[in-house]
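Heads up, the thing below is written out as structure tokens.
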Amino acid sequence: MKDKNKSKNLRINLADSALSWNNIEEKKSDLVKIKQLLLSGEASFTGWVDLPESFDKEEIERIKSTAEEIRAKCDAFVVIGIGGSYLGARAAIEMLGENSTGPKIYYAGQNISAAYHLELIEEIKEKEVCICIISKSGTTTESAVAFAILKDFLIRKYGETEANRRIFAITDKDKGVIREEARRRGYVSFVVPDDIGGRYSVLSAVGLLPIAVAGIDIEMMLDGAREIAKNNSFESDIAAHYAAARILLFDIGKHIEIFESYEPRLFYFLEWLKQLFGESEGKEGKGVFPASLQFSTDLHSMGQFLQEGHQIFFETVINIENPQSDIIVPRNAGQALGGASMNDINRAAFLGVMEAHRKAGIPIITIDIPELTSYYFGQMVYFFECACAFSGYLFGVNPFDQPGVEAYKSEMLKVLGVKG
Ligand code: PA5
């Protein structure tokens, strides 16, 4: 399994995008300059660029051994975080599945619903539990509230000393209340690197620790990312081509990008993509609005709009070329498709939708992924991170900050009467 398809990489297909190679080349000089900037290390928050290559081997070993310790110690592992501190790990775990010999992975602090958190505690209360608080700033309300509740639950269940052994923290190396608390209470902790923002942190401890706890091979993931990082010339840099295509489509009035997949396991990957592009690009009145649809499910709700509605969008389909499992429709079930493979039917839906949407004049970009493995997850993450950085800079915005997110936070704190 390990090396299977390794020579085959993620690919981008622009044949149905309404764009030609000449169009993409129009952006070449800008993209080459952006690439130089990204590789120079001079722009802030670009620590993710050489992360797959430069990741400290000892830190990887520490992540792996801590994950093994957690896997041995508990049967419920709660990841507490929101946005970039949670979506990447969840995207990987939902896409690749949890290894059944380890704990079940739960999520907290990604909303502020009392009902959700009460249900979670009810579900885990009889289990052996470990929790991991992930927050770069250490000040995010959603994760701070969930952490307070789950820490209290652990202390009541195990007492302070054992609770401290069951709490793991991933946060800034010096700043913030979580770092201070981790030192004081002796939590095993990891660092969110200074020069990496939340949504670009999947391939740091932020994503890798929970992913390793789920039993997924994180070294293969980094290998996959490294493979995409080799695409250095403009001609081979598919992330740059994709970014150019997005901007060119935006310029002809396609202001919405709909990420689509025919595999429900990709639901959280599409959520991560929306965050990555939305938070990176949506500023100064600019940016492609990122949306997502799951097919064929959403064809029965949004299919009509796509086919005949206001044509202000383009589609980016994540196509899994070799699904790993299949079901044959029973022959005796009286179905016209008795004996057919379910994957073939899903593929027919993909090809049929492509044809119908082509006829409707919708620009379609296809990203082909050979199969769903940790290696290709690494490729997907690194490809989209690069594309997002290129695309943000092409728009003329800083793809690594999120000043607008602060607005709701400070208004919420005012309502609560709490000083920010
Ligand atoms: O991408 C980002 O920077 C954000 O989505 C953050 O990850 C999110 O707001 C959570 O922040 P923190 O890790 O500081 O709790």
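Following the order of the structure tokens, first chain is A, next is B, and so on, with residues numbered from 1 inside each chain and ligands from 1 in the order they appear.
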### Message
as an NGL selection string, please: every protein or nucleic acid residue near ligand 1 (cut-off 9 Å, counting only C-alpha atoms and all ligand atoms).
### Response
:A and (81-87 or 134-144 or 170-172 or 192 or 196-201 or 206 or 275-276 or 279-280 or 400-402 or 405-406)
### Task
as a ChimeraX atom specification, list the residues of range 57-125 of chain A assigned to helix (DSSP H, G or I) by DSSP on the backbone atoms of this structure.
/A:57-73,83-85,87-96,114-124
### Query
Contacts of Phe384 in chain A at 10 Å or less, counting only C-alpha atoms, minus same-chain residues fewer than 4 places along, as a list in words?
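Everything that qualifies: Tyr200, Ile238, Ala239, Ala240, Tyr242, Ala243, Leu273, Leu276, Phe277, Gln379, Met380, Cys388, Ala389 and Phe390 of chain A.
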### Query
Where does DSSP see strand (DSSP E or B) in range 196-307 of chain A, if you list the residues as a list in words?
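Checking each residue of range 196-307 of chain A, the strand (DSSP E or B) ones are Ile256, Glu257, Ile258, Phe259, Glu260, Ser261, Phe289, Pro290, Ala291, Ser292, Leu293 and Gln294 of chain A.
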Emit the selected residues as a PDB file, in the first residue's frame, including N, CA and C atoms.
```
ATOM      1  N   ILE A 256     -18.184  32.956  -7.518  1.00  0.00           N
ATOM      2  CA  ILE A 256     -18.352  31.895  -6.506  1.00  0.00           C
ATOM      3  C   ILE A 256     -17.661  30.628  -7.010  1.00  0.00           C
ATOM      4  N   GLU A 257     -16.877  30.011  -6.125  1.00  0.00           N
ATOM      5  CA  GLU A 257     -16.280  28.711  -6.467  1.00  0.00           C
ATOM      6  C   GLU A 257     -17.001  27.644  -5.652  1.00  0.00           C
ATOM      7  N   ILE A 258     -17.543  26.655  -6.342  1.00  0.00           N
ATOM      8  CA  ILE A 258     -18.224  25.577  -5.604  1.00  0.00           C
ATOM      9  C   ILE A 258     -17.307  24.357  -5.607  1.00  0.00           C
ATOM     10  N   PHE A 259     -16.811  24.016  -4.418  1.00  0.00           N
ATOM     11  CA  PHE A 259     -16.016  22.792  -4.286  1.00  0.00           C
ATOM     12  C   PHE A 259     -17.000  21.626  -4.213  1.00  0.00           C
ATOM     13  N   GLU A 260     -16.733  20.595  -4.993  1.00  0.00           N
ATOM     14  CA  GLU A 260     -17.683  19.471  -5.066  1.00  0.00           C
ATOM     15  C   GLU A 260     -16.947  18.138  -4.931  1.00  0.00           C
ATOM     16  N   SER A 261     -17.652  17.183  -4.336  1.00  0.00           N
ATOM     17  CA  SER A 261     -17.095  15.838  -4.242  1.00  0.00           C
ATOM     18  C   SER A 261     -18.234  14.823  -4.316  1.00  0.00           C
ATOM     19  N   PHE A 289     -15.958  33.821  -3.540  1.00  0.00           N
ATOM     20  CA  PHE A 289     -16.706  33.260  -2.393  1.00  0.00           C
ATOM     21  C   PHE A 289     -16.668  31.729  -2.490  1.00  0.00           C
ATOM     22  N   PRO A 290     -16.103  31.045  -1.475  1.00  0.00           N
ATOM     23  CA  PRO A 290     -16.022  29.584  -1.556  1.00  0.00           C
ATOM     24  C   PRO A 290     -17.265  28.904  -0.979  1.00  0.00           C
ATOM     25  N   ALA A 291     -17.824  28.000  -1.752  1.00  0.00           N
ATOM     26  CA  ALA A 291     -18.994  27.234  -1.295  1.00  0.00           C
ATOM     27  C   ALA A 291     -18.677  25.752  -1.504  1.00  0.00           C
ATOM     28  N   SER A 292     -19.548  24.869  -1.004  1.00  0.00           N
ATOM     29  CA  SER A 292     -19.299  23.446  -1.263  1.00  0.00           C
ATOM     30  C   SER A 292     -20.606  22.689  -1.434  1.00  0.00           C
ATOM     31  N   LEU A 293     -20.555  21.647  -2.220  1.00  0.00           N
ATOM     32  CA  LEU A 293     -21.714  20.769  -2.405  1.00  0.00           C
ATOM     33  C   LEU A 293     -21.244  19.324  -2.427  1.00  0.00           C
ATOM     34  N   GLN A 294     -22.082  18.452  -1.871  1.00  0.00           N
ATOM     35  CA  GLN A 294     -21.791  17.010  -1.868  1.00  0.00           C
ATOM     36  C   GLN A 294     -22.691  16.347  -2.881  1.00  0.00           C
TER      37      GLN A 294
END
```
Find the residues of range 74-170 of chain A that sit at most 10 Å from range 54-69 of chain A; for each, write down the nearest two atoms and how far apart they are in Å, to one decimal. Count only C-alpha atoms. Sort by chain, then by number going up, and give it as a tab-separated table.
```
residue	atom	partner	partner_atom	distance
A:Cys74	CA	A:Glu69	CA	8.8
A:Gly102	CA	A:Glu68	CA	8.9
A:Phe168	CA	A:Thr66	CA	9.3
```
Let me see the file: selected residues, all heavy atoms, as a PDB file, in the first residue's frame.
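Once everything was written out, this is result_8.pdb:
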```pdb
ATOM      1  N   CYS A  74      -6.555   5.819  26.409  1.00  0.00           N
ATOM      2  CA  CYS A  74      -7.966   6.217  26.435  1.00  0.00           C
ATOM      3  C   CYS A  74      -8.757   5.573  25.307  1.00  0.00           C
ATOM      4  O   CYS A  74      -8.180   5.074  24.343  1.00  0.00           O
ATOM      5  CB  CYS A  74      -8.083   7.740  26.334  1.00  0.00           C
ATOM      6  SG  CYS A  74      -7.517   8.414  24.778  1.00  0.00           S
ATOM      7  N   GLY A 102      -7.666   2.228  18.151  1.00  0.00           N
ATOM      8  CA  GLY A 102      -7.387   3.405  18.993  1.00  0.00           C
ATOM      9  C   GLY A 102      -8.663   4.011  19.542  1.00  0.00           C
ATOM     10  O   GLY A 102      -9.756   3.452  19.374  1.00  0.00           O
ATOM     11  N   PHE A 168      -3.611  17.425  26.958  1.00  0.00           N
ATOM     12  CA  PHE A 168      -2.522  17.736  26.032  1.00  0.00           C
ATOM     13  C   PHE A 168      -2.816  19.116  25.458  1.00  0.00           C
ATOM     14  O   PHE A 168      -3.985  19.486  25.290  1.00  0.00           O
ATOM     15  CB  PHE A 168      -2.443  16.654  24.939  1.00  0.00           C
ATOM     16  CG  PHE A 168      -2.143  15.294  25.530  1.00  0.00           C
ATOM     17  CD1 PHE A 168      -3.173  14.536  26.111  1.00  0.00           C
ATOM     18  CD2 PHE A 168      -0.855  14.792  25.566  1.00  0.00           C
ATOM     19  CE1 PHE A 168      -2.912  13.306  26.702  1.00  0.00           C
ATOM     20  CE2 PHE A 168      -0.581  13.559  26.156  1.00  0.00           C
ATOM     21  CZ  PHE A 168      -1.611  12.813  26.729  1.00  0.00           C
TER      22      PHE A 168
END
```
### Task
Show which residues sit within 12 Å of Asn343 in chain A, as a PyMOL selection string. Count only C-alpha atoms, and ignore same-chain residues fewer than 2 positions away.
chain A and resi 262-263+320-329+339-341+345-350
### Task
Write out as a PyMOL selection string which residues come within 7 Å of Tyr268 in chain A when counting only C-alpha atoms, dropping same-chain ones fewer than 5 positions away.
chain A and resi 87+90-91+94
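With only C-alpha atoms as the basis for measurement, A:Lys27 is the residue among A:Lys8, A:Lys27, A:Lys151, A:Lys125 that approaches Arg246 in chain A most closely.
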